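Notes follow once the structure below has been shown.
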Amino acid sequence: MVIRVRVPLDLHAVATAGSAAFAMATPLRVRELLAFAVREAIGLRAPIDKLERSLRRTLAGLERGDYLLTVDGRPYYDGEDVVVCSNPADVRFFLAAPAGPRRAQRSRVDH
């Protein structure tokens, strides 16, 4: 699943540093970026309690390793990691690779 997220600009960093480079890329914690992605996925009119529940489940799934998260092609595994992303950012969720079907063990009978 791919969610394109509009990333807010850090205008304070732009004003303080006096550099437009900060306007091109914004540092965020992965959990903050996930909050934008979840909001985008469930819709702007969804109630705040649904957003909070969905975000808690999404962060818990990330910590359990249920899926791999990439932001602009870079993998992230922890909600506390910092990502520097452009606007918009492509947030992708990949299900963790299943172990695969187990092959039936042939029982050998020695006669």
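Chain identifiers are assigned as A, B, and so on, following the order in which chains appear in the structure tokens; residues are numbered from 1 within each chain, and ligands are numbered from 1 in order of appearance.
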
Subject >> Long-range neighbours of stretch 76-89 of chain A as a ChimeraX atom specification, 9 Å cut-off, only C-alpha atoms, 5 positions minimum in chain >> reply: /A:3-9,23-34,59,62-63,65,67-71

Subject >> Point-to-point distance from atom CA of A:Pro47 to atom CA of A:Leu95, Å rounded to tenths >> reply: 26.6 Å

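Interatomic distance, atom CA of A:Val38 against atom CA of A:Glu52: 9.2 Å.
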